[in-house]
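Heads up: the structure comes next, in structure tokens.
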Amino acid sequence: MSKSKNLSKSQLERMRADLERRQHWLLNASRGRLDTPDAEEADRAGDEADLAQVALHTDLALDARARESREVQLIDEALSKIENGSYGVCSECSETIPLPRLEALPFAALCIDCQEELEATGALATPSQEFKLD
Ligand SMILES: [Zn+2]
């Protein structure tokens with residue numbers, strides 16, 4: 001049943017260390033941003049253009065924080081998969097996710113095929129849509 005391409009114990013330990021390091025970093029980064037003076041800037045802003053600018057700025061900061069907390073959540077899921085032995089398996093098609101992909105994206109829950117399919121159907125936001133202004 002299990003395929004020969006499953007990760008070895010030492011590879012799993014390495015991924016776990018990477019994930020935990022990244023999670024620590026993300027948690028520290030989002031704590032640091034709580035101190036930014038966005039609210040103060042909004043109080044001082046004079047005209048509507050400034051207000052719009054500050055609102056946009058705040059939106060982007062919130063956006064980044066939402067992405068970070070989503071990533072923290074994905075890392076949590078990856079860590080519990082390492083615990084229960086299902087790490088490195090695509091949650092859509094149950095194929096083994098190749099190690100190079102996991103090294104590039106340790107919390108990947110999908111293989112590249114499934115990821116691309118979801119992006120193509122619009123189920124996942126692609127980075128090119130994020131800063132679209134019109
Ligand atoms: Zn898949």
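In the structure tokens, the first chain shown is A, the next is B, and so on; residue numbers restart at 1 for each chain, and ligands run from 1 in the order shown.
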Name each residue within 6 Å of ligand 1, counting only C-alpha atoms and all ligand atoms, as a PDB file with C-alpha atoms, in the first residue's frame.
ATOM      1  CA  CYS A  90      -1.949  15.195  -1.478  1.00  0.00           C
ATOM      2  CA  GLU A  92      -7.131  15.797  -3.019  1.00  0.00           C
ATOM      3  CA  CYS A  93      -5.806  12.796  -4.950  1.00  0.00           C
ATOM      4  CA  GLU A  95      -0.691  10.860  -4.401  1.00  0.00           C
ATOM      5  CA  LEU A 110      -1.760  19.464  -2.450  1.00  0.00           C
ATOM      6  CA  CYS A 111       0.378  18.080  -5.265  1.00  0.00           C
ATOM      7  CA  ASP A 113      -1.507  19.029 -10.394  1.00  0.00           C
ATOM      8  CA  CYS A 114      -4.287  19.519  -7.850  1.00  0.00           C
TER       9      CYS A 114
END
Q) Gln23 of chain A: which residues within 8 Å, counting only C-alpha atoms, same-chain residues fewer than 4 positions away excluded, as a count of residues only? A) 4
Q) Between atom CA of Ala17 of chain A and atom CA of Ile82 of chain A, what is the distance, to one decimal in Å? A) 11.1 Å
If you count only C-alpha atoms, which residues fall within 10 Å of segment 65-69 of chain A, apart from same-chain ones fewer than 5 positions away, as a PDB file with N, CA and C atoms, in the first residue's frame?
ATOM      1  N   GLN A  23       7.024  28.827  11.550  1.00  0.00           N
ATOM      2  CA  GLN A  23       5.871  29.197  12.366  1.00  0.00           C
ATOM      3  C   GLN A  23       6.269  30.212  13.450  1.00  0.00           C
ATOM      4  N   LEU A  26       6.720  33.567  11.762  1.00  0.00           N
ATOM      5  CA  LEU A  26       5.442  34.195  11.409  1.00  0.00           C
ATOM      6  C   LEU A  26       4.745  34.761  12.640  1.00  0.00           C
ATOM      7  N   LEU A  27       4.762  34.015  13.738  1.00  0.00           N
ATOM      8  CA  LEU A  27       4.094  34.482  14.950  1.00  0.00           C
ATOM      9  C   LEU A  27       4.775  35.739  15.479  1.00  0.00           C
ATOM     10  N   ALA A  29       6.478  37.887  13.629  1.00  0.00           N
ATOM     11  CA  ALA A  29       6.246  38.952  12.654  1.00  0.00           C
ATOM     12  C   ALA A  29       4.867  39.578  12.854  1.00  0.00           C
ATOM     13  N   SER A  30       3.843  38.758  13.111  1.00  0.00           N
ATOM     14  CA  SER A  30       2.503  39.354  13.246  1.00  0.00           C
ATOM     15  C   SER A  30       2.362  40.072  14.584  1.00  0.00           C
ATOM     16  N   ARG A  31       3.076  39.609  15.607  1.00  0.00           N
ATOM     17  CA  ARG A  31       3.065  40.354  16.866  1.00  0.00           C
ATOM     18  C   ARG A  31       3.704  41.724  16.691  1.00  0.00           C
ATOM     19  N   ARG A  33       3.804  43.595  14.100  1.00  0.00           N
ATOM     20  CA  ARG A  33       3.013  44.527  13.324  1.00  0.00           C
ATOM     21  C   ARG A  33       1.875  45.149  14.132  1.00  0.00           C
ATOM     22  N   LEU A  34       1.527  44.560  15.260  1.00  0.00           N
ATOM     23  CA  LEU A  34       0.468  45.138  16.086  1.00  0.00           C
ATOM     24  C   LEU A  34       0.839  46.529  16.590  1.00  0.00           C
ATOM     25  N   ASP A  59      -5.616  48.119   4.767  1.00  0.00           N
ATOM     26  CA  ASP A  59      -6.134  46.924   4.113  1.00  0.00           C
ATOM     27  C   ASP A  59      -5.017  45.952   3.766  1.00  0.00           C
ATOM     28  N   LEU A  60      -3.933  46.497   3.197  1.00  0.00           N
ATOM     29  CA  LEU A  60      -2.820  45.641   2.800  1.00  0.00           C
ATOM     30  C   LEU A  60      -2.191  44.984   4.018  1.00  0.00           C
ATOM     31  N   LEU A  74      -1.876  26.471   8.226  1.00  0.00           N
ATOM     32  CA  LEU A  74      -1.422  25.409   7.328  1.00  0.00           C
ATOM     33  C   LEU A  74      -0.227  24.661   7.919  1.00  0.00           C
ATOM     34  N   ILE A  75       0.660  25.433   8.581  1.00  0.00           N
ATOM     35  CA  ILE A  75       1.830  24.812   9.201  1.00  0.00           C
ATOM     36  C   ILE A  75       1.380  23.899  10.346  1.00  0.00           C
TER      37      ILE A  75
END
Q) Of the candidates A:Leu99, A:Gln73, A:Ser86, A:Glu116, which one gets nearest to Arg22 of chain A if we count only C-alpha atoms? A)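 Closest to Arg22 of chain A of all the choices is A:Gln73.
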Q | Straight-line distance linking atom CA of Ser10 of chain A with atom CA of Val89 of chain A, stated in Å to one decimal | A | 17.0 Å
Q) When you draw a straight line from atom CA of Pro106 of chain A to atom CA of Met15 of chain A, how long is it in Å? A)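 Answer for the atom CA of Pro106 of chain A to atom CA of Met15 of chain A separation: 6.4 Å.
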Q | Residue with smallest distance to Ala78 of chain A - pool A:Phe107, A:Lys9, A:Thr96, A:Ala49, counting only C-alpha atoms | A |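 Of all the options, A:Phe107 lies closest to Ala78 of chain A.
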